[in-house]
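Q: Before I ask anything, let me first share the structure, which is written out below as structure tokens.
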Amino acid sequence: MTDKPLSGQLALVTGASRGIGAATAEALAAAGAHVVITARTSGGLEDLEERIHANGGSATIAPMDLTESDSIARLAAAIGGRWDALDIIVLNAGLLGELSPVPSIDGKRFNQLLTLNVLANQAMLANFDQLLRRSERGRVIAITSTVAREPRAYWGAYGASKAALENLVLAYGDEVANLSPIRVAIVNPGATATRMRADAYPGEDPATIQQPADAGARIARLIVEDFEPGLVMRLKA
């Protein structure tokens, strides 16, 4: 990438307090974008903001719970009141939920999983659609998982939520393809040493798999170098 290829652009990253979200926000900021970072925990966002500023970037923190009824609408109103357009959105926030046999899925917890992994992302697209359309080069990236397309025992709830997310986001991409410059992609970062991964594979040595900084850098590079719309991509080293 050139020094600051995203200079003057505005990016929004959800689930940015740690892991892939934080790493992606750092990489986008390093490429010149002003990054709005959001997550439920303000401490992680403040630490990330400090790192971004220390490296010469710029960021705005927005602590919030995406599942609260009007939180996304409030965020969109705040961003729309300060900026004319949104150039990049990375839909990274997600919940693993419990790994269990399908007949044993707890309905209440499954509903919570779907609320964050699917419904909140639809609300993000609904509330930020107009700001994305105002960008000369709007880009939407949604983070998915292998189990969305390769069903695996005990992963039914999480896999179903990611399969629904893929369908939803790619449908949006098809809808805007001929009406705006917006491009949409689904990205599967692969095995990455995140807290979610540790919860799913507690015996795994995190040093043996990809680190979040690597995944974040590749997502930023994908945005800078551009991509064919509608593709489901697995990041490679």
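Numbering starts fresh at 1 for the residues of each chain in the structure tokens, the chains themselves are lettered A, B, ... in the order given, and ligands are numbered from 1 as they appear.
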Run DSSP on the backbone and give me the residues of stretch 49-218 of chain A it puts in helix (DSSP H, G or I), as a VMD selection string.
A: chain A and resid 49 to 54 71 to 82 102 to 104 107 to 133 146 to 148 156 to 176 195 to 200 206 to 208 212 to 218
Q: For the residues selected in the previous step, produce a file with C-alpha atoms as a short mmCIF file (atom, residue, chain, number, x, y, z; two decimals), in the first residue's frame.
A:
```cif
data_model
loop_
_atom_site.label_atom_id
_atom_site.label_comp_id
_atom_site.auth_asym_id
_atom_site.auth_seq_id
_atom_site.Cartn_x
_atom_site.Cartn_y
_atom_site.Cartn_z
CA GLU A 49 -7.71 5.11 20.39
CA GLU A 50 -4.47 5.84 22.25
CA ARG A 51 -2.53 3.39 20.07
CA ILE A 52 -3.98 4.87 16.90
CA HIS A 53 -3.12 8.42 17.96
CA ALA A 54 0.36 7.36 19.08
CA SER A 71 -28.32 2.56 19.68
CA ILE A 72 -27.49 2.10 15.99
CA ALA A 73 -29.88 4.84 14.91
CA ARG A 74 -28.27 7.20 17.44
CA LEU A 75 -24.80 6.35 16.14
CA ALA A 76 -25.86 6.94 12.53
CA ALA A 77 -27.39 10.29 13.47
CA ALA A 78 -24.21 11.33 15.28
CA ILE A 79 -21.95 10.34 12.38
CA GLY A 80 -24.28 11.89 9.81
CA GLY A 81 -24.31 15.12 11.80
CA ARG A 82 -20.51 15.37 11.67
CA VAL A 102 -28.93 -28.61 17.68
CA PRO A 103 -31.70 -30.22 19.81
CA SER A 104 -30.07 -28.72 22.92
CA GLY A 107 -33.87 -20.65 22.68
CA LYS A 108 -33.15 -17.52 24.71
CA ARG A 109 -29.42 -17.65 24.04
CA PHE A 110 -29.99 -18.44 20.38
CA ASN A 111 -32.17 -15.36 20.15
CA GLN A 112 -29.37 -13.26 21.67
CA LEU A 113 -26.94 -14.73 19.15
CA LEU A 114 -29.18 -13.93 16.20
CA THR A 115 -29.90 -10.46 17.53
CA LEU A 116 -26.23 -9.45 17.44
CA ASN A 117 -24.94 -11.55 14.54
CA VAL A 118 -27.84 -10.93 12.16
CA LEU A 119 -30.42 -8.36 13.26
CA ALA A 120 -27.91 -5.76 14.43
CA ASN A 121 -26.02 -6.01 11.15
CA GLN A 122 -29.23 -5.49 9.18
CA ALA A 123 -29.86 -2.42 11.32
CA MET A 124 -26.33 -1.19 10.57
CA LEU A 125 -26.97 -1.45 6.83
CA ALA A 126 -30.39 0.17 7.14
CA ASN A 127 -29.14 3.13 9.16
CA PHE A 128 -25.90 3.72 7.27
CA ASP A 129 -27.14 3.02 3.74
CA GLN A 130 -27.59 6.68 2.82
CA LEU A 131 -24.19 7.70 4.19
CA LEU A 132 -22.56 4.86 2.23
CA ARG A 133 -24.35 5.96 -0.95
CA THR A 146 -16.01 -21.34 7.65
CA VAL A 147 -18.98 -22.93 9.46
CA ALA A 148 -21.38 -20.65 7.59
CA GLY A 156 -25.23 -25.14 14.41
CA ALA A 157 -26.31 -21.95 16.18
CA TYR A 158 -23.23 -19.90 15.31
CA GLY A 159 -23.01 -21.34 11.80
CA ALA A 160 -26.66 -20.56 11.12
CA SER A 161 -26.19 -16.97 12.24
CA LYS A 162 -23.18 -16.51 9.95
CA ALA A 163 -24.96 -18.16 7.02
CA ALA A 164 -27.84 -15.73 7.52
CA LEU A 165 -25.40 -12.83 7.73
CA GLU A 166 -23.75 -13.83 4.46
CA ASN A 167 -27.08 -14.04 2.64
CA LEU A 168 -28.28 -10.74 4.07
CA VAL A 169 -25.12 -8.76 3.28
CA LEU A 170 -24.66 -10.22 -0.20
CA ALA A 171 -28.31 -9.47 -0.98
CA TYR A 172 -27.65 -5.86 -0.01
CA GLY A 173 -24.62 -5.85 -2.26
CA ASP A 174 -26.72 -7.08 -5.17
CA GLU A 175 -29.33 -4.40 -4.49
CA VAL A 176 -26.87 -1.50 -4.58
CA ARG A 195 -10.75 -14.49 22.61
CA MET A 196 -13.64 -16.03 20.69
CA ARG A 197 -11.28 -18.59 19.16
CA ALA A 198 -9.86 -19.39 22.61
CA ASP A 199 -13.38 -19.98 23.93
CA ALA A 200 -14.10 -22.38 21.08
CA PRO A 206 -2.55 -19.30 19.97
CA ALA A 207 1.03 -18.98 18.76
CA THR A 208 0.36 -21.64 16.11
CA PRO A 212 -5.19 -10.48 14.80
CA ALA A 213 -2.70 -7.91 13.47
CA ASP A 214 -2.12 -10.07 10.40
CA ALA A 215 -5.85 -10.45 9.75
CA GLY A 216 -6.45 -6.73 10.25
CA ALA A 217 -3.64 -5.78 7.87
CA ARG A 218 -5.03 -8.07 5.18
#
```
Q: How far is it from atom CA of A:Arg234 to atom CA of A:Ala23, in Å with one decimal?
A: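 Between these atoms lies a distance of 17.1 Å.
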Q: Stretch 86-96 of chain A: which residues within 6 Å, counting only C-alpha atoms, same-chain residues fewer than 4 positions away excluded, as a ChimeraX atom specification?
A: /A:9-15,21,113,117,131-132,135,138-143,158
Q: Could you please take those selected residues and save C-alpha atoms as a CSV table (one decimal), in the first residue's frame?
A:
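Saved as selection-v3.csv:
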```
chain,number,residue,atom,x,y,z
A,9,GLN,CA,-11.9,8.6,4.1
A,10,LEU,CA,-14.2,7.7,7.1
A,11,ALA,CA,-14.4,4.1,8.3
A,12,LEU,CA,-16.6,2.5,10.9
A,13,VAL,CA,-15.6,-0.7,12.6
A,14,THR,CA,-17.8,-2.7,15.0
A,15,GLY,CA,-16.5,-5.0,17.7
A,21,GLY,CA,-11.9,-5.5,15.0
A,113,LEU,CA,-26.9,-14.7,19.2
A,117,ASN,CA,-24.9,-11.6,14.5
A,131,LEU,CA,-24.2,7.7,4.2
A,132,LEU,CA,-22.6,4.9,2.2
A,135,SER,CA,-19.4,8.1,-0.7
A,138,GLY,CA,-18.3,3.0,-0.4
A,139,ARG,CA,-17.1,-0.4,0.8
A,140,VAL,CA,-18.8,-2.9,3.1
A,141,ILE,CA,-16.9,-5.8,4.7
A,142,ALA,CA,-18.7,-8.4,6.8
A,143,ILE,CA,-16.7,-11.0,8.8
A,158,TYR,CA,-23.2,-19.9,15.3
```
Q: One decimal, Å: what's the distance from atom CA of A:Asp65 over to atom CA of A:Leu28, could you say?
A: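 These two atoms are separated by 22.5 Å.
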Q: Might you pull out every residue within 9 Å of A:Glu136, with only C-alpha atoms counted and same-chain residues fewer than 6 positions away left off, and present them as a PDB file with N, CA, C and O atoms, in the first residue's frame?
A:
```
ATOM      1  N   ALA A  85     -20.356  11.685   4.519  1.00  0.00           N
ATOM      2  CA  ALA A  85     -20.461  10.346   3.943  1.00  0.00           C
ATOM      3  C   ALA A  85     -19.680   9.353   4.792  1.00  0.00           C
ATOM      4  O   ALA A  85     -18.796   9.734   5.572  1.00  0.00           O
ATOM      5  N   ASP A  87     -17.342   6.017   4.137  1.00  0.00           N
ATOM      6  CA  ASP A  87     -16.656   5.346   3.036  1.00  0.00           C
ATOM      7  C   ASP A  87     -16.455   3.855   3.254  1.00  0.00           C
ATOM      8  O   ASP A  87     -16.460   3.079   2.294  1.00  0.00           O
ATOM      9  N   SER A 180     -25.170   2.466  -7.157  1.00  0.00           N
ATOM     10  CA  SER A 180     -24.179   3.254  -6.435  1.00  0.00           C
ATOM     11  C   SER A 180     -22.806   2.629  -6.624  1.00  0.00           C
ATOM     12  O   SER A 180     -22.689   1.504  -7.125  1.00  0.00           O
ATOM     13  N   PRO A 181     -21.751   3.323  -6.201  1.00  0.00           N
ATOM     14  CA  PRO A 181     -20.409   2.755  -6.298  1.00  0.00           C
ATOM     15  C   PRO A 181     -20.089   1.776  -5.160  1.00  0.00           C
ATOM     16  O   PRO A 181     -18.959   1.282  -5.066  1.00  0.00           O
ATOM     17  N   ILE A 182     -21.060   1.485  -4.295  1.00  0.00           N
ATOM     18  CA  ILE A 182     -20.807   0.626  -3.137  1.00  0.00           C
ATOM     19  C   ILE A 182     -20.437  -0.782  -3.585  1.00  0.00           C
ATOM     20  O   ILE A 182     -21.090  -1.360  -4.456  1.00  0.00           O
TER      21      ILE A 182
END
```
Q: If DSSP is run on the backbone, what residues of stretch 6-209 of chain A are strand (DSSP E)? A reply as a PDB file with N, CA, C and O atoms, in the first residue's frame would be ideal.
A:
```pdb
ATOM      1  N   LEU A  10     -13.605   8.023   5.750  1.00  0.00           N
ATOM      2  CA  LEU A  10     -14.169   7.709   7.059  1.00  0.00           C
ATOM      3  C   LEU A  10     -14.529   6.230   7.115  1.00  0.00           C
ATOM      4  O   LEU A  10     -15.210   5.712   6.223  1.00  0.00           O
ATOM      5  N   ALA A  11     -14.072   5.557   8.161  1.00  0.00           N
ATOM      6  CA  ALA A  11     -14.359   4.129   8.345  1.00  0.00           C
ATOM      7  C   ALA A  11     -15.055   3.909   9.681  1.00  0.00           C
ATOM      8  O   ALA A  11     -14.821   4.637  10.647  1.00  0.00           O
ATOM      9  N   LEU A  12     -15.904   2.909   9.717  1.00  0.00           N
ATOM     10  CA  LEU A  12     -16.588   2.501  10.945  1.00  0.00           C
ATOM     11  C   LEU A  12     -16.341   1.020  11.149  1.00  0.00           C
ATOM     12  O   LEU A  12     -16.585   0.215  10.245  1.00  0.00           O
ATOM     13  N   VAL A  13     -15.847   0.653  12.324  1.00  0.00           N
ATOM     14  CA  VAL A  13     -15.559  -0.750  12.633  1.00  0.00           C
ATOM     15  C   VAL A  13     -16.295  -1.138  13.898  1.00  0.00           C
ATOM     16  O   VAL A  13     -16.143  -0.492  14.949  1.00  0.00           O
ATOM     17  N   THR A  14     -17.094  -2.193  13.833  1.00  0.00           N
ATOM     18  CA  THR A  14     -17.803  -2.680  15.012  1.00  0.00           C
ATOM     19  C   THR A  14     -16.997  -3.793  15.684  1.00  0.00           C
ATOM     20  O   THR A  14     -16.164  -4.437  15.061  1.00  0.00           O
ATOM     21  N   HIS A  34      -9.924   8.100   8.952  1.00  0.00           N
ATOM     22  CA  HIS A  34     -10.393   8.401  10.305  1.00  0.00           C
ATOM     23  C   HIS A  34     -11.353   7.279  10.669  1.00  0.00           C
ATOM     24  O   HIS A  34     -12.303   6.998   9.928  1.00  0.00           O
ATOM     25  N   VAL A  35     -11.108   6.652  11.802  1.00  0.00           N
ATOM     26  CA  VAL A  35     -11.853   5.441  12.152  1.00  0.00           C
ATOM     27  C   VAL A  35     -12.769   5.686  13.339  1.00  0.00           C
ATOM     28  O   VAL A  35     -12.315   6.130  14.405  1.00  0.00           O
ATOM     29  N   VAL A  36     -14.048   5.410  13.159  1.00  0.00           N
ATOM     30  CA  VAL A  36     -14.999   5.396  14.259  1.00  0.00           C
ATOM     31  C   VAL A  36     -15.036   3.972  14.785  1.00  0.00           C
ATOM     32  O   VAL A  36     -15.332   3.039  14.030  1.00  0.00           O
ATOM     33  N   ILE A  37     -14.693   3.804  16.052  1.00  0.00           N
ATOM     34  CA  ILE A  37     -14.592   2.456  16.626  1.00  0.00           C
ATOM     35  C   ILE A  37     -15.667   2.274  17.696  1.00  0.00           C
ATOM     36  O   ILE A  37     -15.866   3.131  18.549  1.00  0.00           O
ATOM     37  N   THR A  38     -16.355   1.164  17.607  1.00  0.00           N
ATOM     38  CA  THR A  38     -17.443   0.919  18.543  1.00  0.00           C
ATOM     39  C   THR A  38     -17.382  -0.489  19.107  1.00  0.00           C
ATOM     40  O   THR A  38     -16.960  -1.433  18.436  1.00  0.00           O
ATOM     41  N   ALA A  39     -17.790  -0.615  20.362  1.00  0.00           N
ATOM     42  CA  ALA A  39     -17.867  -1.895  21.073  1.00  0.00           C
ATOM     43  C   ALA A  39     -18.584  -1.623  22.387  1.00  0.00           C
ATOM     44  O   ALA A  39     -18.824  -0.465  22.754  1.00  0.00           O
ATOM     45  N   SER A  58      -6.005   8.854  13.431  1.00  0.00           N
ATOM     46  CA  SER A  58      -7.102   9.542  14.115  1.00  0.00           C
ATOM     47  C   SER A  58      -8.297   8.607  14.256  1.00  0.00           C
ATOM     48  O   SER A  58      -8.575   7.792  13.378  1.00  0.00           O
ATOM     49  N   ALA A  59      -8.978   8.732  15.390  1.00  0.00           N
ATOM     50  CA  ALA A  59     -10.106   7.851  15.673  1.00  0.00           C
ATOM     51  C   ALA A  59     -11.101   8.542  16.587  1.00  0.00           C
ATOM     52  O   ALA A  59     -10.757   9.475  17.313  1.00  0.00           O
ATOM     53  N   THR A  60     -12.324   8.067  16.545  1.00  0.00           N
ATOM     54  CA  THR A  60     -13.383   8.515  17.444  1.00  0.00           C
ATOM     55  C   THR A  60     -13.990   7.284  18.085  1.00  0.00           C
ATOM     56  O   THR A  60     -14.337   6.327  17.381  1.00  0.00           O
ATOM     57  N   ILE A  61     -14.103   7.275  19.398  1.00  0.00           N
ATOM     58  CA  ILE A  61     -14.674   6.110  20.070  1.00  0.00           C
ATOM     59  C   ILE A  61     -16.176   6.308  20.272  1.00  0.00           C
ATOM     60  O   ILE A  61     -16.645   7.422  20.496  1.00  0.00           O
ATOM     61  N   ALA A  62     -16.913   5.202  20.178  1.00  0.00           N
ATOM     62  CA  ALA A  62     -18.363   5.235  20.358  1.00  0.00           C
ATOM     63  C   ALA A  62     -18.785   3.982  21.109  1.00  0.00           C
ATOM     64  O   ALA A  62     -19.260   3.013  20.503  1.00  0.00           O
ATOM     65  N   PRO A  63     -18.616   3.957  22.447  1.00  0.00           N
ATOM     66  CA  PRO A  63     -19.025   2.784  23.227  1.00  0.00           C
ATOM     67  C   PRO A  63     -20.533   2.596  23.139  1.00  0.00           C
ATOM     68  O   PRO A  63     -21.300   3.530  23.368  1.00  0.00           O
ATOM     69  N   ILE A  88     -16.280   3.452   4.503  1.00  0.00           N
ATOM     70  CA  ILE A  88     -15.946   2.055   4.806  1.00  0.00           C
ATOM     71  C   ILE A  88     -16.693   1.629   6.054  1.00  0.00           C
ATOM     72  O   ILE A  88     -16.721   2.360   7.051  1.00  0.00           O
ATOM     73  N   ILE A  89     -17.284   0.454   6.011  1.00  0.00           N
ATOM     74  CA  ILE A  89     -17.877  -0.124   7.214  1.00  0.00           C
ATOM     75  C   ILE A  89     -17.440  -1.580   7.313  1.00  0.00           C
ATOM     76  O   ILE A  89     -17.522  -2.332   6.333  1.00  0.00           O
ATOM     77  N   VAL A  90     -16.937  -1.950   8.466  1.00  0.00           N
ATOM     78  CA  VAL A  90     -16.510  -3.329   8.719  1.00  0.00           C
ATOM     79  C   VAL A  90     -17.411  -3.900   9.802  1.00  0.00           C
ATOM     80  O   VAL A  90     -17.356  -3.484  10.965  1.00  0.00           O
ATOM     81  N   LEU A  91     -18.263  -4.842   9.410  1.00  0.00           N
ATOM     82  CA  LEU A  91     -19.214  -5.479  10.324  1.00  0.00           C
ATOM     83  C   LEU A  91     -18.521  -6.674  10.973  1.00  0.00           C
ATOM     84  O   LEU A  91     -18.584  -7.792  10.480  1.00  0.00           O
ATOM     85  N   ARG A 139     -17.473   1.021   0.724  1.00  0.00           N
ATOM     86  CA  ARG A 139     -17.069  -0.371   0.837  1.00  0.00           C
ATOM     87  C   ARG A 139     -17.633  -0.979   2.119  1.00  0.00           C
ATOM     88  O   ARG A 139     -17.515  -0.394   3.198  1.00  0.00           O
ATOM     89  N   VAL A 140     -18.242  -2.157   1.980  1.00  0.00           N
ATOM     90  CA  VAL A 140     -18.810  -2.874   3.120  1.00  0.00           C
ATOM     91  C   VAL A 140     -18.127  -4.230   3.216  1.00  0.00           C
ATOM     92  O   VAL A 140     -18.109  -4.996   2.253  1.00  0.00           O
ATOM     93  N   ILE A 141     -17.562  -4.520   4.386  1.00  0.00           N
ATOM     94  CA  ILE A 141     -16.938  -5.813   4.652  1.00  0.00           C
ATOM     95  C   ILE A 141     -17.652  -6.440   5.843  1.00  0.00           C
ATOM     96  O   ILE A 141     -17.790  -5.815   6.893  1.00  0.00           O
ATOM     97  N   ALA A 142     -18.105  -7.671   5.710  1.00  0.00           N
ATOM     98  CA  ALA A 142     -18.706  -8.402   6.821  1.00  0.00           C
ATOM     99  C   ALA A 142     -17.851  -9.633   7.110  1.00  0.00           C
ATOM    100  O   ALA A 142     -17.436 -10.339   6.190  1.00  0.00           O
ATOM    101  N   ILE A 143     -17.585  -9.861   8.377  1.00  0.00           N
ATOM    102  CA  ILE A 143     -16.719 -10.965   8.785  1.00  0.00           C
ATOM    103  C   ILE A 143     -17.549 -12.225   8.999  1.00  0.00           C
ATOM    104  O   ILE A 143     -18.537 -12.224   9.748  1.00  0.00           O
ATOM    105  N   ARG A 183     -19.396  -1.319  -2.962  1.00  0.00           N
ATOM    106  CA  ARG A 183     -19.031  -2.719  -3.158  1.00  0.00           C
ATOM    107  C   ARG A 183     -19.095  -3.438  -1.819  1.00  0.00           C
ATOM    108  O   ARG A 183     -18.714  -2.883  -0.785  1.00  0.00           O
ATOM    109  N   VAL A 184     -19.551  -4.668  -1.865  1.00  0.00           N
ATOM    110  CA  VAL A 184     -19.772  -5.456  -0.653  1.00  0.00           C
ATOM    111  C   VAL A 184     -19.022  -6.773  -0.750  1.00  0.00           C
ATOM    112  O   VAL A 184     -19.006  -7.399  -1.818  1.00  0.00           O
ATOM    113  N   ALA A 185     -18.404  -7.190   0.347  1.00  0.00           N
ATOM    114  CA  ALA A 185     -17.707  -8.476   0.366  1.00  0.00           C
ATOM    115  C   ALA A 185     -17.855  -9.143   1.720  1.00  0.00           C
ATOM    116  O   ALA A 185     -17.968  -8.478   2.755  1.00  0.00           O
ATOM    117  N   ILE A 186     -17.867 -10.456   1.690  1.00  0.00           N
ATOM    118  CA  ILE A 186     -17.835 -11.274   2.896  1.00  0.00           C
ATOM    119  C   ILE A 186     -16.414 -11.792   3.038  1.00  0.00           C
ATOM    120  O   ILE A 186     -15.849 -12.333   2.087  1.00  0.00           O
ATOM    121  N   VAL A 187     -15.830 -11.638   4.223  1.00  0.00           N
ATOM    122  CA  VAL A 187     -14.458 -12.069   4.438  1.00  0.00           C
ATOM    123  C   VAL A 187     -14.385 -13.096   5.560  1.00  0.00           C
ATOM    124  O   VAL A 187     -14.888 -12.862   6.662  1.00  0.00           O
ATOM    125  N   ASN A 188     -13.771 -14.227   5.248  1.00  0.00           N
ATOM    126  CA  ASN A 188     -13.486 -15.248   6.250  1.00  0.00           C
ATOM    127  C   ASN A 188     -12.003 -15.137   6.595  1.00  0.00           C
ATOM    128  O   ASN A 188     -11.150 -15.517   5.802  1.00  0.00           O
TER     129      ASN A 188
END
```
Q: Nearest residue to A:Gly230 out of A:Pro202, A:Leu99, A:Thr144, A:Ala177, using only C-alpha atoms?
A: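 Result for the nearest residue to A:Gly230: A:Ala177.
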Q: Kindly give the distance, in Å, that separates atom CA of A:Lys4 and atom CA of A:Gly56, rounded to a single decimal.
A: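 Separation between atom CA of A:Lys4 and atom CA of A:Gly56: 11.1 Å.
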Q: Under the rule that only C-alpha atoms are counted, which of A:Ile20, A:Val224, A:Leu66, A:Leu45 is the nearest residue to A:Arg137?
A: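 Smallest distance to A:Arg137 is found for A:Val224.
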Q: When you look at A:Gln211 with a cut-off of 8 Å (counting only C-alpha atoms), what residues show up, excluding the ones that are within fewer than 5 positions of it in the same chain? I need them as an MDAnalysis selection string.
A: chainID A and resid 192:194 206
Q: When you count only C-alpha atoms, which of these residues is closest to A:Gly44: A:Glu228, A:Ala22, A:Thr67, A:Asp3?
A: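 That would be A:Ala22, the residue with the smallest distance to A:Gly44.
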